[in-house]
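Written below as structure tokens is the structure these notes are about.
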Amino acid sequence: MFQRGARFIFSRASSTAAAPAKNCNKKLYAGAASVVGASGAAAYMTQQRPDKTLCDDLTAGLTGAAAGMILGGLGGYYFTSSTLSPKVEKYEKYWPRKCMMLFGAPGAGKGTQGPRIVDELGIPQLSTGDMLRGAVAAGTPTGKKAKDVMARGELVSDDIVVGIIEERIKDPDCATGFILDGFPRNLEQAKALDAMLAKTGDTVSKVLAFEVDAQLLEERICGRWMDKASGRSYHVKFAPPKTMKLGPDGKPIAGTMKDDISGDALFQRPDDTAEALKKRLKEYEDKTVPILKYYGPRGVVKMINGGQDIKKVWSDVSTSLV
Ligand code: AP5
């Protein structure tokens with residue numbers, strides 16, 4: 001079970017890739033300063049009065065420790081904000097921005113592996129499919145245009161998705177990088193991406209291309225169930241929800257398909273049918289696959305065997321991130 005849709009919603013509130021390291025270091029320095037401050041203050045206060053009793057010692061010790069924590073904390077904050085922030089700022093300013101792309105057919109595992117990369121690198125995953133589904137659910141003008149096109153398994157117009165991505169990558173959480181999922185879908189979108197990245201001196205740094213035998217895809221797509229609010233995805237065979245019960249026909253009973261965390265009813269995507277999958281795969285072969293040739297000569301494409309067990313795929317993905 002993996003969280004997918006939420007990667008877009010929550011990634012807006014998350015900070016930059018440098019932030020986890022920054023916060024971790026800040027906590028360490030502030031913590032160390034507090035302990036040193038507390039110990040020093042406690043030791044000082046317990047040694048000031050020759051007539052002190054055990055009770056006095058304890059009271060003085062605790063008071064000293066509290067004072068030390070406050071002083072140490074303030075010192076730690078001053079120390080970290082005055083010495084670490086410039087380093088973080090330099091990192092954000094000069095380090096190459098990671099512009100990564102997940103590439104693969106419907107059901108290849110982009111939405112399954114993506115959240116793990118997010119956890120590993122601390123940069124957001126931007127799924128045009130999730131964004132469009134969000135627009136459809138919200139009934140926005142974009143959603144109204146995209147709804148039927150998506151259900152048929154066709155691609156929505158380039159101007160819509162290019163505009164969505166161009167705006168999204170300006171958000172602060174994309175400052176040190178982002179993971180594109182489902183974009184670009186054709187050469188025109190790839191060229192538009194290059195042009196928008198060139199404006200900030202960036203370029204596509206890695207394309208992780210998942211190769212999966214077409215025969216596996218139908219089983220994966222037709223067995224997928226999703227949680228609307230979080231985007232967590234399940235599979236009747238490969239990642240079933242805890243509540244799943246099978247009927248006499250061996251198929252899951254819809255009422256028992258509930259999200260492991262919220263308990264909300266799961267749903268199946270309108271385009272997750274064998275019929276729509278045929279169209280999606282044709283669109284993929286005709287329009288999306290040529291992108292690999294476009295990026296190939298740049299030496300950024302890394303092929304991943306996506307037909308393996310989910311954990312094995314992750315093992316290969318994680319070693320390809322460096
Ligand atoms: P989008 O949402 O991008 O769908 P997609 O590309 O068809 O990809 P999927 O989400 O179906 O596949 P996935 O690789 O993420 O599979 P997952 O990891 O969930 O696009 C949908 C539509 O939006 C498009 O058709 C188009 O209309 C429109 N659109 C989006 N972007 C667009 C663009 N740029 N331009 C124009 N139109 C655009 O895995 C699937 C299942 O398999 C899950 O149940 C999972 O549990 C299971 N699974 C995954 N890996 C394994 C494994 N290794 N072993 C066993 N099971 C596995």
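Ordering of the structure tokens sets the chain letters (A, B, ...), residue numbers begin anew at 1 in every chain, and ligands are numbered from 1 in the order given.
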
Assign secondary structure with DSSP using the backbone only, and return the residues of segment 198-296 of chain A in strand (DSSP E) as a PyMOL selection string. chain A and resi 206-211+224-226+233-235

File of the preceding selection, C-alpha atoms, as a compact mmCIF listing (two decimals), in the first residue's frame:
# COMPACT_ATOMS: atom_id res chain seq x y z
CA LYS A 206 17.60 11.57 -14.52
CA VAL A 207 14.97 9.47 -16.27
CA LEU A 208 14.03 6.26 -14.46
CA ALA A 209 12.37 4.09 -17.10
CA PHE A 210 10.37 1.11 -15.80
CA GLU A 211 10.23 -1.82 -18.23
CA ARG A 224 -5.89 -1.60 -8.53
CA TRP A 225 -8.10 0.13 -5.93
CA MET A 226 -7.42 3.62 -4.62
CA SER A 233 -3.18 2.64 -3.97
CA TYR A 234 -3.90 -1.03 -3.28
CA HIS A 235 -4.02 -4.17 -5.36

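For Ala274 of chain A, the residues within 8 Å (counting only C-alpha atoms, excluding itself and residues fewer than 2 positions away along the chain) are Glu218, Ile221, Cys222, Asp272, Ala276, Leu277 and Lys278 of chain A.
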
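Here the question is which of A:Gly307, A:Asp194, A:Glu275, A:Glu219 gets nearest to Tyr294 of chain A using only C-alpha atoms, and that residue is A:Asp194.
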
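For the set A:Pro240, A:Gly129, A:Gly299, A:Gly139, the residue with the smallest atom-to-atom gap to ligand 1 is A:Gly129, counting only C-alpha atoms and all ligand atoms.
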
From segment 186-269 of chain A, collect each residue whose DSSP state is alpha helix (DSSP H) and return the set as a PDB file with N, CA and C atoms, in the first residue's frame.
ATOM      1  N   LEU A 187       6.733  14.167 -27.357  1.00  0.00           N
ATOM      2  CA  LEU A 187       7.916  14.984 -27.642  1.00  0.00           C
ATOM      3  C   LEU A 187       7.661  16.483 -27.450  1.00  0.00           C
ATOM      4  N   GLU A 188       6.446  16.910 -27.791  1.00  0.00           N
ATOM      5  CA  GLU A 188       6.124  18.342 -27.638  1.00  0.00           C
ATOM      6  C   GLU A 188       6.236  18.737 -26.155  1.00  0.00           C
ATOM      7  N   GLN A 189       5.708  17.882 -25.272  1.00  0.00           N
ATOM      8  CA  GLN A 189       5.795  18.182 -23.838  1.00  0.00           C
ATOM      9  C   GLN A 189       7.249  18.131 -23.358  1.00  0.00           C
ATOM     10  N   ALA A 190       8.027  17.196 -23.917  1.00  0.00           N
ATOM     11  CA  ALA A 190       9.442  17.096 -23.519  1.00  0.00           C
ATOM     12  C   ALA A 190      10.194  18.375 -23.904  1.00  0.00           C
ATOM     13  N   LYS A 191       9.903  18.869 -25.101  1.00  0.00           N
ATOM     14  CA  LYS A 191      10.578  20.096 -25.547  1.00  0.00           C
ATOM     15  C   LYS A 191      10.107  21.299 -24.715  1.00  0.00           C
ATOM     16  N   ALA A 192       8.821  21.313 -24.391  1.00  0.00           N
ATOM     17  CA  ALA A 192       8.303  22.404 -23.549  1.00  0.00           C
ATOM     18  C   ALA A 192       8.960  22.351 -22.175  1.00  0.00           C
ATOM     19  N   LEU A 193       9.181  21.131 -21.672  1.00  0.00           N
ATOM     20  CA  LEU A 193       9.838  20.980 -20.361  1.00  0.00           C
ATOM     21  C   LEU A 193      11.259  21.527 -20.427  1.00  0.00           C
ATOM     22  N   ASP A 194      11.993  21.135 -21.458  1.00  0.00           N
ATOM     23  CA  ASP A 194      13.371  21.633 -21.610  1.00  0.00           C
ATOM     24  C   ASP A 194      13.391  23.155 -21.621  1.00  0.00           C
ATOM     25  N   ALA A 195      12.444  23.731 -22.355  1.00  0.00           N
ATOM     26  CA  ALA A 195      12.415  25.195 -22.474  1.00  0.00           C
ATOM     27  C   ALA A 195      12.127  25.841 -21.124  1.00  0.00           C
ATOM     28  N   MET A 196      11.196  25.246 -20.363  1.00  0.00           N
ATOM     29  CA  MET A 196      10.883  25.886 -19.062  1.00  0.00           C
ATOM     30  C   MET A 196      12.025  25.702 -18.069  1.00  0.00           C
ATOM     31  N   LEU A 197      12.736  24.567 -18.154  1.00  0.00           N
ATOM     32  CA  LEU A 197      13.873  24.358 -17.248  1.00  0.00           C
ATOM     33  C   LEU A 197      15.035  25.275 -17.626  1.00  0.00           C
ATOM     34  N   ALA A 198      15.200  25.504 -18.926  1.00  0.00           N
ATOM     35  CA  ALA A 198      16.311  26.353 -19.390  1.00  0.00           C
ATOM     36  C   ALA A 198      16.198  27.768 -18.819  1.00  0.00           C
ATOM     37  N   ALA A 214       4.028  -6.340 -21.100  1.00  0.00           N
ATOM     38  CA  ALA A 214       2.643  -5.861 -21.275  1.00  0.00           C
ATOM     39  C   ALA A 214       1.614  -6.796 -20.635  1.00  0.00           C
ATOM     40  N   GLN A 215       1.923  -8.098 -20.605  1.00  0.00           N
ATOM     41  CA  GLN A 215       0.960  -9.045 -20.030  1.00  0.00           C
ATOM     42  C   GLN A 215       0.720  -8.795 -18.541  1.00  0.00           C
ATOM     43  N   LEU A 216       1.722  -8.274 -17.847  1.00  0.00           N
ATOM     44  CA  LEU A 216       1.571  -8.014 -16.409  1.00  0.00           C
ATOM     45  C   LEU A 216       0.713  -6.773 -16.143  1.00  0.00           C
ATOM     46  N   LEU A 217       0.711  -5.868 -17.118  1.00  0.00           N
ATOM     47  CA  LEU A 217       0.081  -4.570 -16.870  1.00  0.00           C
ATOM     48  C   LEU A 217      -1.423  -4.664 -16.659  1.00  0.00           C
ATOM     49  N   GLU A 218      -2.082  -5.513 -17.454  1.00  0.00           N
ATOM     50  CA  GLU A 218      -3.546  -5.591 -17.316  1.00  0.00           C
ATOM     51  C   GLU A 218      -3.929  -6.079 -15.917  1.00  0.00           C
ATOM     52  N   GLU A 219      -3.216  -7.087 -15.428  1.00  0.00           N
ATOM     53  CA  GLU A 219      -3.535  -7.599 -14.092  1.00  0.00           C
ATOM     54  C   GLU A 219      -3.320  -6.514 -13.039  1.00  0.00           C
ATOM     55  N   ARG A 220      -2.223  -5.764 -13.206  1.00  0.00           N
ATOM     56  CA  ARG A 220      -1.938  -4.694 -12.230  1.00  0.00           C
ATOM     57  C   ARG A 220      -3.007  -3.596 -12.276  1.00  0.00           C
ATOM     58  N   ILE A 221      -3.342  -3.168 -13.494  1.00  0.00           N
ATOM     59  CA  ILE A 221      -4.280  -2.048 -13.634  1.00  0.00           C
ATOM     60  C   ILE A 221      -5.701  -2.449 -13.207  1.00  0.00           C
ATOM     61  N   CYS A 222      -6.126  -3.620 -13.647  1.00  0.00           N
ATOM     62  CA  CYS A 222      -7.511  -4.027 -13.353  1.00  0.00           C
ATOM     63  C   CYS A 222      -7.683  -4.457 -11.896  1.00  0.00           C
TER      64      CYS A 222
END

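Distances to Cys99 of chain A were evaluated for A:Thr140, A:Thr256, A:Thr200, A:Thr128 using only C-alpha atoms, and the minimum falls at A:Thr200.
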
To one decimal place in Å, what is the distance between atom CA of Val301 of chain A and atom CA of Ser205 of chain A? 8.9 Å

For a test of reading the model, state the distance in Å between atom CA of Gly104 of chain A and atom CA of Ile164 of chain A, rounded to one decimal. 20.5 Å

Do a neighbour search on segment 257-262 of chain A at 10 Å with only C-alpha atoms, toss out local chain neighbours closer than 3 positions, and write the hits as a PyMOL selection string. chain A and resi 1+225-234+236+240-246+252-254+265-267

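Shell of Phe178 of chain A at 8 Å, with only C-alpha atoms counted and residues fewer than 6 places along the chain excluded, is Lys98, Cys99, Met100, Ile123, Pro124, Gln125, Leu126 and Ile169 of chain A.
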
Could you save those same residues with N, CA and C atoms as a PDB file, in the first residue's frame?
ATOM      1  N   LYS A  98      17.673  18.744  -8.840  1.00  0.00           N
ATOM      2  CA  LYS A  98      17.381  17.391  -9.319  1.00  0.00           C
ATOM      3  C   LYS A  98      16.051  17.406 -10.062  1.00  0.00           C
ATOM      4  N   CYS A  99      16.102  17.274 -11.380  1.00  0.00           N
ATOM      5  CA  CYS A  99      14.875  17.242 -12.173  1.00  0.00           C
ATOM      6  C   CYS A  99      14.725  15.822 -12.699  1.00  0.00           C
ATOM      7  N   MET A 100      14.040  14.998 -11.916  1.00  0.00           N
ATOM      8  CA  MET A 100      13.964  13.568 -12.196  1.00  0.00           C
ATOM      9  C   MET A 100      12.631  13.231 -12.856  1.00  0.00           C
ATOM     10  N   ILE A 123      12.274  15.404  -2.044  1.00  0.00           N
ATOM     11  CA  ILE A 123      11.738  16.314  -3.064  1.00  0.00           C
ATOM     12  C   ILE A 123      10.369  15.782  -3.485  1.00  0.00           C
ATOM     13  N   PRO A 124       9.465  16.687  -3.933  1.00  0.00           N
ATOM     14  CA  PRO A 124       8.089  16.235  -4.192  1.00  0.00           C
ATOM     15  C   PRO A 124       7.928  15.481  -5.508  1.00  0.00           C
ATOM     16  N   GLN A 125       6.926  14.623  -5.535  1.00  0.00           N
ATOM     17  CA  GLN A 125       6.559  13.904  -6.758  1.00  0.00           C
ATOM     18  C   GLN A 125       5.385  14.640  -7.394  1.00  0.00           C
ATOM     19  N   LEU A 126       5.526  15.006  -8.631  1.00  0.00           N
ATOM     20  CA  LEU A 126       4.479  15.770  -9.307  1.00  0.00           C
ATOM     21  C   LEU A 126       3.823  14.893 -10.364  1.00  0.00           C
ATOM     22  N   ILE A 169       6.287  23.837 -10.620  1.00  0.00           N
ATOM     23  CA  ILE A 169       7.715  23.755 -10.275  1.00  0.00           C
ATOM     24  C   ILE A 169       8.271  25.083  -9.762  1.00  0.00           C
TER      25      ILE A 169
END

Measuring between only C-alpha atoms, which one of A:Lys147, A:Lys199, A:Arg133, A:Lys287 shows the shortest distance to Lys170 of chain A? A:Lys199

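Using only C-alpha atoms for every distance, the candidate list A:Glu120, A:Asp173, A:Asp271, A:Glu167 yields A:Glu120 as the residue closest to Val322 of chain A.
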
Smallest atom-to-atom distance to Gly143 of chain A: which of A:Arg269, A:Asp119, A:Asp159, A:Met131, using only C-alpha atoms? A:Met131
